[in-house]
Number of protein chains: 2
Amino acid sequence: MGTVSKALGLIDILARSQGPKGLTGIAIAAGFDKATTRRMLLELAANGYVVQNADSRDYELGPALQVFGKIREDRFSLYKTIQPFVRGLRELTDETVHASEYSAGLLLSICTEHSTQPIRVNLEEGQKLPLHATASGIAFLAASTPIFIDAMLRKPLPQFTSTTLTSPKSILTAISETLGRGYSISNQTLQEGVSSVASVIRNQSNKPIGTIAIAVPYLRMNPKVISEFGNLVRKTGDDISQQLSGRRIKLSQAS
Amino acid sequence: MGTVSKALGLIDILARSQGPKGLTGIAIAAGFDKATTRRMLLELAANGYVVQNADSRDYELGPALQVFGKIREDRFSLYKTIQPFVRGLRELTDETVHASEYSAGLLLSICTEHSTQPIRVNLEEGQKLPLHATASGIAFLAASTPIFIDAMLRKPLPQFTSTTLTSPKSILTAISETLGRGYSISNQTLQEGVSSVASVIRNQSNKPIGTIAIAVPYLRMNPKVISEFGNLVRKTGDDISQQLSGRRIKLSQAS
DNA sequence: TATTTTTGTTTCAATATTTGAACCGTCAGT
DNA sequence: ACTGACGGTTCAAATATTGAAACAAAAATA
């Protein structure tokens with residue numbers, strides 16, 4: 001692993017930990033030496049990706065992330081297109097609905113609307129969704145090329161719960177079932193007590209770029225709910241893909 | 001300069017260039033070798049900070065920036081607090097109004113509302129504002145400690161226009177004038193034809209964290225406008241600081 | 001206040017990573 | 001088929017990174 005990845009890993013750690021964090025804590029979490037960690041943090045800070053509180057000496061995420069994030073959003077506003085759909089689906093189901101975008105071998109949660117019910121699925125912002133262990137991942141794989149699927153199933157497939165699918169064979173089965181019904185189903189594959197249905201989102205070129213999913217506490221899941229919510233996500237996924245192909249992505253620029 | 005900074009510089013280049021960019025173009029813009037540039041881009045891509053289009057092989061900003069940007073915004077929502085003020089000031093003046101946040105030796109433009117007039121100041125998203133060559137910078141310095149001012153004036157002070165202040169002495173004068181009147185004035189110090197008035201924004205601890213500014217085409221600038229707009233930014237800066245000290249920044253964390 | 005502990009910062013020789021010139025393959029245009 | 005432009009690859013040389021240890025400063029504790 002290169003130095004750059006290590007440094008970016010520190011940002012991940014800061015993002016995951018709520019609130020600021022001291023040097024030692026970050027070093028331990030990252031598994032690096034204090035000296036190494038500090039040098040990286042300083043370099044990140046020099047670029048605005050991290051800020052150090054002058055008093056407490058704690059580190060936090062920096063404004064550069066916001067700035068670049070906004071620029072990216074401006075150019076490729078998947079989020080803006082998706083958000084109303086996610087919200088609509090939440091209102092319709094009153095379950096936690098979330099959309100994700102594919103990036104670097106996994107799905108990044110980019111938009112979440114939480115259920116209002118007392119028992120609900122809670123999703124951290126920016127949560128990483130492994131392809132093999134989530135309904136979203138299976139839905140995404142089902143829309144991918146055999147080459148891509150093969151490459152992904154060659155990687156390690158860590159087990160998160162007792163029902164995580166960890167064999168390529170079982171995942172291929174789940175994929176073909178997904179192709180049959182038009183949406184994927186997960187049964188506590190990433191987190192105990194959480195079931196989901198998910199569907200793929202495609203871009204103008206019909207390539208899969210992300211997913212939309214409904215995450216339901218297992219206790220409220222049953223075949224009727226699965227089929228009802230499943231058909232809802234499928235339709236919503238299609239609608240989003242439709243809208244993405246209809247509207248051009250913003251390319252033009254002002255002087 | 002360390003490897004990390006070099007890699008982050010590539011993100012800067014992608015952000016500044018509108019739309020995707022090829023390997024060679026990026027390498028030239030960055031001044032690195034192709035091999036180096038590519039290795040960095042791959043590493044950035046592996047972390048989601050950059051994506052490579054499978055067909056065109058061009059590189060673009062990645063979703064990780066959006067994800068982390070949103071997390072930061074959630075924790076430290078200077079932007080959300082400021083935006084209504086910026087918009088209000090734009091409506092009042094119909095000139096371009098922008099707010100900035102201090103980071104790593106300069107001010108990052110984080111929120112802009114453009115004038116609707118045919119001749120107006122245009123500001124790129126995420127524009128970097130040097131402290132010595134902008135009204136925002138002078139306003140920020142005027143609110144800073146002597147130690148900080150001294151450190152900043154020791155750095156190189158590049159000349160951008162014929163009227164850029166490049167001597168520590170002239171900048172110190174501008175600072176003391178700013179302290180006297182409560183807002184700073186720039187006269188085409190960064191870009192020809194642009195004058196600005198600016199005022200500082202402080203956090204709960206009364207420390208300067210950013211600025212708010214009105215940028216006016218030079219042809220519409222005159223003493224009357226300066227004093228009118230100047231007093232407006234000053235008041236708005238104070239209002240924002242007031243609101244920031246009223247509301248606590250989110251510090252608590254869940255389990 | 002004195003003492004201990006924790007946390008942040010610096011140093012430097014050993015080490016692993018980065019670097020870039022040269023090279024290869026591919027595609028588009030002629 | 002030739003040419004030029006571009007993306008991607010290789011590998012020895014150059015350089016940046018690493019981390020143990022020492023140091024400093026600040027908190028916590030006695």
# chains A, B, ... in the order shown; residues from 1 in each chain; ligands from 1
>>> interface_residues(of="chain D", to="chain B", cutoff="12 Å", atoms="only C-alpha atoms (C1' of nucleotides)", output="ChimeraX atom specification")
/D:5-10,15-17
>>> closest_atom_pairs(of="chain A", to="chain B", cutoff="8 Å", atoms="only C-alpha atoms", output="CSV")
residue,atom,partner,partner_atom,distance
A:Gly2,CA,B:Glu43,CA,7.4
A:Thr3,CA,B:Val4,CA,6.8
A:Val4,CA,B:Val4,CA,5.1
A:Ser5,CA,B:Glu43,CA,6.3
A:Ala7,CA,B:Val4,CA,7.0
A:Leu8,CA,B:Asn47,CA,7.4
A:Ala15,CA,B:Phe68,CA,6.8
A:Gln18,CA,B:Gln253,CA,5.8
A:Gly19,CA,B:Leu251,CA,6.0
A:Met40,CA,B:Val4,CA,7.6
A:Glu43,CA,B:Ser5,CA,6.3
A:Leu44,CA,B:Ser5,CA,7.2
A:Ala45,CA,B:Ala104,CA,6.6
A:Ala46,CA,B:Ala104,CA,5.1
A:Asn47,CA,B:Ala104,CA,6.4
A:Gly48,CA,B:Ser103,CA,5.6
A:Val51,CA,B:Ser103,CA,7.5
A:Leu61,CA,B:Arg72,CA,6.0
A:Gly62,CA,B:Arg72,CA,7.2
A:Pro63,CA,B:Ser103,CA,7.2
A:Ala64,CA,B:Leu108,CA,7.9
A:Leu65,CA,B:Gly69,CA,4.6
A:Gln66,CA,B:Gly69,CA,3.9
A:Val67,CA,B:Gly126,CA,5.4
A:Phe68,CA,B:Leu65,CA,6.1
A:Gly69,CA,B:Gln66,CA,3.9
A:Lys70,CA,B:Gln66,CA,6.7
A:Ile71,CA,B:Ala15,CA,6.8
A:Arg72,CA,B:Leu61,CA,6.0
A:Glu73,CA,B:Gln66,CA,6.8
A:Arg75,CA,B:Gly19,CA,7.5
A:Glu101,CA,B:Pro63,CA,7.5
A:Ser103,CA,B:Gly48,CA,5.6
A:Ala104,CA,B:Ala46,CA,5.1
A:Leu108,CA,B:Pro63,CA,7.8
A:Ser109,CA,B:Val67,CA,7.9
A:Ile110,CA,B:Val67,CA,6.3
A:Glu125,CA,B:Ile71,CA,6.8
A:Gly126,CA,B:Val67,CA,5.4
A:Leu251,CA,B:Gly19,CA,6.9
A:Gln253,CA,B:Gln18,CA,7.5
>>> select_by_dssp(residues="range 1-203 of chain B", states="helix (DSSP H, G or I)", output="MDAnalysis selection string")
chainID B and resid 3:16 23:30 34:46 63:75 78:93 131:133 135:142 146:154 168:181
>>> write_last_selection(atoms="C-alpha atoms", output="tab-separated table (two decimals), in the first residue's frame")
chain	number	residue	atom	x	y	z
B	3	THR	CA	4.05	12.36	-2.00
B	4	VAL	CA	0.72	12.97	-0.36
B	5	SER	CA	0.71	16.65	-1.25
B	6	LYS	CA	1.61	15.82	-4.82
B	7	ALA	CA	-1.28	13.41	-5.10
B	8	LEU	CA	-3.68	15.89	-3.56
B	9	GLY	CA	-2.43	18.43	-6.05
B	10	LEU	CA	-3.82	16.21	-8.79
B	11	ILE	CA	-7.26	16.53	-7.26
B	12	ASP	CA	-6.79	20.25	-7.38
B	13	ILE	CA	-5.99	20.05	-11.06
B	14	LEU	CA	-9.05	17.92	-11.79
B	15	ALA	CA	-11.19	20.35	-9.84
B	16	ARG	CA	-9.88	23.37	-11.67
B	23	LEU	CA	-3.33	11.13	-18.08
B	24	THR	CA	-0.94	13.15	-20.22
B	25	GLY	CA	-2.85	16.37	-19.64
B	26	ILE	CA	-2.85	15.88	-15.91
B	27	ALA	CA	0.85	14.99	-15.89
B	28	ILE	CA	1.70	18.14	-17.81
B	29	ALA	CA	-0.48	20.34	-15.64
B	30	ALA	CA	1.07	18.88	-12.51
B	34	LYS	CA	3.46	10.14	-16.61
B	35	ALA	CA	4.40	7.08	-14.60
B	36	THR	CA	4.32	9.02	-11.36
B	37	THR	CA	1.07	10.71	-12.22
B	38	ARG	CA	-0.55	7.47	-13.14
B	39	ARG	CA	0.54	5.65	-10.00
B	40	MET	CA	-0.90	8.48	-7.94
B	41	LEU	CA	-4.14	8.58	-9.89
B	42	LEU	CA	-4.57	4.84	-9.45
B	43	GLU	CA	-4.05	5.17	-5.77
B	44	LEU	CA	-6.50	8.04	-5.54
B	45	ALA	CA	-8.94	5.98	-7.59
B	46	ALA	CA	-8.55	2.99	-5.29
B	63	PRO	CA	-17.49	10.22	-4.95
B	64	ALA	CA	-15.32	9.95	-1.85
B	65	LEU	CA	-14.94	13.73	-1.96
B	66	GLN	CA	-18.69	14.16	-1.84
B	67	VAL	CA	-19.10	11.63	0.92
B	68	PHE	CA	-16.46	13.15	3.18
B	69	GLY	CA	-17.51	16.66	2.26
B	70	LYS	CA	-21.01	15.92	3.41
B	71	ILE	CA	-19.78	14.42	6.65
B	72	ARG	CA	-17.70	17.48	7.36
B	73	GLU	CA	-20.61	19.75	6.52
B	74	ASP	CA	-22.72	17.80	8.92
B	75	ARG	CA	-20.28	18.34	11.75
B	78	LEU	CA	-20.41	26.96	8.67
B	79	TYR	CA	-21.85	26.77	5.19
B	80	LYS	CA	-25.44	26.28	6.28
B	81	THR	CA	-25.24	29.15	8.73
B	82	ILE	CA	-23.64	31.48	6.26
B	83	GLN	CA	-25.63	30.78	3.13
B	84	PRO	CA	-28.77	32.75	4.03
B	85	PHE	CA	-26.62	35.75	4.94
B	86	VAL	CA	-24.72	35.60	1.68
B	87	ARG	CA	-27.93	35.32	-0.27
B	88	GLY	CA	-29.50	38.16	1.69
B	89	LEU	CA	-26.57	40.42	1.01
B	90	ARG	CA	-26.67	39.55	-2.67
B	91	GLU	CA	-30.34	40.46	-2.84
B	92	LEU	CA	-29.69	43.71	-1.03
B	93	THR	CA	-26.80	44.77	-3.22
B	131	LEU	CA	-4.42	36.58	2.34
B	132	HIS	CA	-2.31	39.47	1.12
B	133	ALA	CA	-4.12	40.13	-2.14
B	135	ALA	CA	-10.14	42.23	0.82
B	136	SER	CA	-11.12	39.00	2.57
B	137	GLY	CA	-7.49	38.29	3.37
B	138	ILE	CA	-6.87	41.72	4.84
B	139	ALA	CA	-10.04	41.51	6.90
B	140	PHE	CA	-8.91	38.13	8.19
B	141	LEU	CA	-5.40	39.33	9.01
B	142	ALA	CA	-6.81	42.37	10.77
B	146	PRO	CA	0.39	39.72	15.58
B	147	ILE	CA	2.27	36.40	15.59
B	148	PHE	CA	0.03	35.02	12.87
B	149	ILE	CA	0.23	38.19	10.80
B	150	ASP	CA	3.99	38.16	11.09
B	151	ALA	CA	4.19	34.53	9.98
B	152	MET	CA	1.98	35.20	6.99
B	153	LEU	CA	3.86	38.29	5.88
B	154	ARG	CA	7.11	36.35	5.98
B	168	PRO	CA	4.61	43.85	4.50
B	169	LYS	CA	4.53	47.53	5.33
B	170	SER	CA	1.71	48.36	2.91
B	171	ILE	CA	-0.25	45.35	4.13
B	172	LEU	CA	0.18	46.40	7.74
B	173	THR	CA	-1.16	49.82	6.78
B	174	ALA	CA	-4.17	48.23	5.13
B	175	ILE	CA	-4.71	46.16	8.25
B	176	SER	CA	-4.68	49.13	10.57
B	177	GLU	CA	-7.06	51.03	8.28
B	178	THR	CA	-9.33	48.00	8.36
B	179	LEU	CA	-9.26	47.94	12.13
B	180	GLY	CA	-10.25	51.60	12.09
B	181	ARG	CA	-13.27	51.34	9.86
>>> atom_distance(atom1="CA of Asp239 in chain B", atom2="CA of Gln117 in chain B")
26.4 Å
>>> residues_around(residues="Gly237 in chain A", least_positions_apart="5", cutoff="12 Å", atoms="only C-alpha atoms (C1' of nucleotides)", output="CSV table (one decimal) with C-alpha atoms, in the first residue's frame")
chain,number,residue,atom,x,y,z
A,81,THR,CA,-31.4,13.5,-9.0
A,82,ILE,CA,-31.7,10.7,-6.5
A,85,PHE,CA,-36.7,9.5,-5.1
A,86,VAL,CA,-35.1,8.3,-1.9
A,89,LEU,CA,-39.7,5.9,-1.1
A,98,HIS,CA,-30.6,4.7,0.9
A,99,ALA,CA,-28.9,5.1,-2.4
A,100,SER,CA,-25.3,4.3,-3.2
A,136,SER,CA,-27.3,-3.3,-3.0
A,139,ALA,CA,-28.3,-5.9,-7.3
A,140,PHE,CA,-25.2,-4.1,-8.6
A,182,GLY,CA,-35.8,-7.6,-10.8
A,183,TYR,CA,-34.6,-6.8,-7.3
A,184,SER,CA,-32.3,-8.3,-4.8
A,197,VAL,CA,-34.3,-5.2,-1.0
A,198,ALA,CA,-32.4,-3.3,-3.6
A,199,SER,CA,-32.3,-2.4,-7.2
A,200,VAL,CA,-29.7,-1.1,-9.6
A,201,ILE,CA,-29.3,2.5,-11.0
A,202,ARG,CA,-27.9,2.8,-14.5
A,203,ASN,CA,-26.4,5.8,-16.3
A,208,PRO,CA,-24.7,0.3,-13.5
A,209,ILE,CA,-23.4,3.1,-11.4
A,210,GLY,CA,-25.2,2.6,-8.1
A,211,THR,CA,-28.2,1.3,-6.3
A,212,ILE,CA,-31.2,2.2,-4.3
A,213,ALA,CA,-32.3,0.0,-1.3
A,214,ILE,CA,-34.9,-0.3,1.4
A,230,GLY,CA,-39.0,-5.2,-3.8
A,231,ASN,CA,-41.3,-4.1,-6.6
A,232,LEU,CA,-41.2,-0.5,-5.3
A,242,GLN,CA,-34.8,6.8,-16.9
A,243,GLN,CA,-34.3,10.3,-15.5
A,244,LEU,CA,-30.6,10.0,-15.7
>>> interface_residues(of="chain C", to="chain A", cutoff="9 Å", atoms="only C-alpha atoms (C1' of nucleotides)", output="ChimeraX atom specification")
/C:7-10,17
>>> atom_distance(atom1="CA of Thr189 in chain B", atom2="CA of Gln159 in chain B")
8.3 Å
>>> select_by_dssp(residues="range 37-159 of chain A", states="strand (DSSP E)", output="PDB file with C-alpha atoms, in the first residue's frame")
ATOM      1  CA  VAL A  50      -7.678  18.121   7.744  1.00  0.00           C
ATOM      2  CA  VAL A  51      -7.569  20.890  10.319  1.00  0.00           C
ATOM      3  CA  GLN A  52      -5.852  20.878  13.650  1.00  0.00           C
ATOM      4  CA  TYR A  59      -7.554  16.850  14.231  1.00  0.00           C
ATOM      5  CA  GLU A  60     -10.752  17.074  12.234  1.00  0.00           C
ATOM      6  CA  LEU A  61     -11.923  16.886   8.644  1.00  0.00           C
ATOM      7  CA  THR A  96     -34.878   3.497   5.950  1.00  0.00           C
ATOM      8  CA  VAL A  97     -34.097   4.092   2.281  1.00  0.00           C
ATOM      9  CA  HIS A  98     -30.624   4.687   0.929  1.00  0.00           C
ATOM     10  CA  ALA A  99     -28.863   5.124  -2.392  1.00  0.00           C
ATOM     11  CA  SER A 100     -25.268   4.257  -3.164  1.00  0.00           C
ATOM     12  CA  GLU A 101     -22.700   4.919  -5.833  1.00  0.00           C
ATOM     13  CA  TYR A 102     -20.124   2.415  -7.020  1.00  0.00           C
ATOM     14  CA  SER A 103     -16.518   3.279  -6.398  1.00  0.00           C
ATOM     15  CA  LEU A 106     -17.606  -1.212  -3.232  1.00  0.00           C
ATOM     16  CA  LEU A 107     -20.723   0.892  -2.938  1.00  0.00           C
ATOM     17  CA  LEU A 108     -20.592   4.191  -1.119  1.00  0.00           C
ATOM     18  CA  SER A 109     -23.789   5.269   0.585  1.00  0.00           C
ATOM     19  CA  ILE A 110     -24.454   8.755  -0.730  1.00  0.00           C
ATOM     20  CA  CYS A 111     -28.016   9.544   0.305  1.00  0.00           C
ATOM     21  CA  THR A 112     -30.061   8.230   3.206  1.00  0.00           C
ATOM     22  CA  GLU A 113     -33.531   8.900   4.581  1.00  0.00           C
ATOM     23  CA  LYS A 128     -19.254   1.437   2.777  1.00  0.00           C
ATOM     24  CA  LEU A 129     -21.319  -1.418   1.408  1.00  0.00           C
ATOM     25  CA  PRO A 130     -19.377  -4.527   0.349  1.00  0.00           C
TER      26      PRO A 130
END
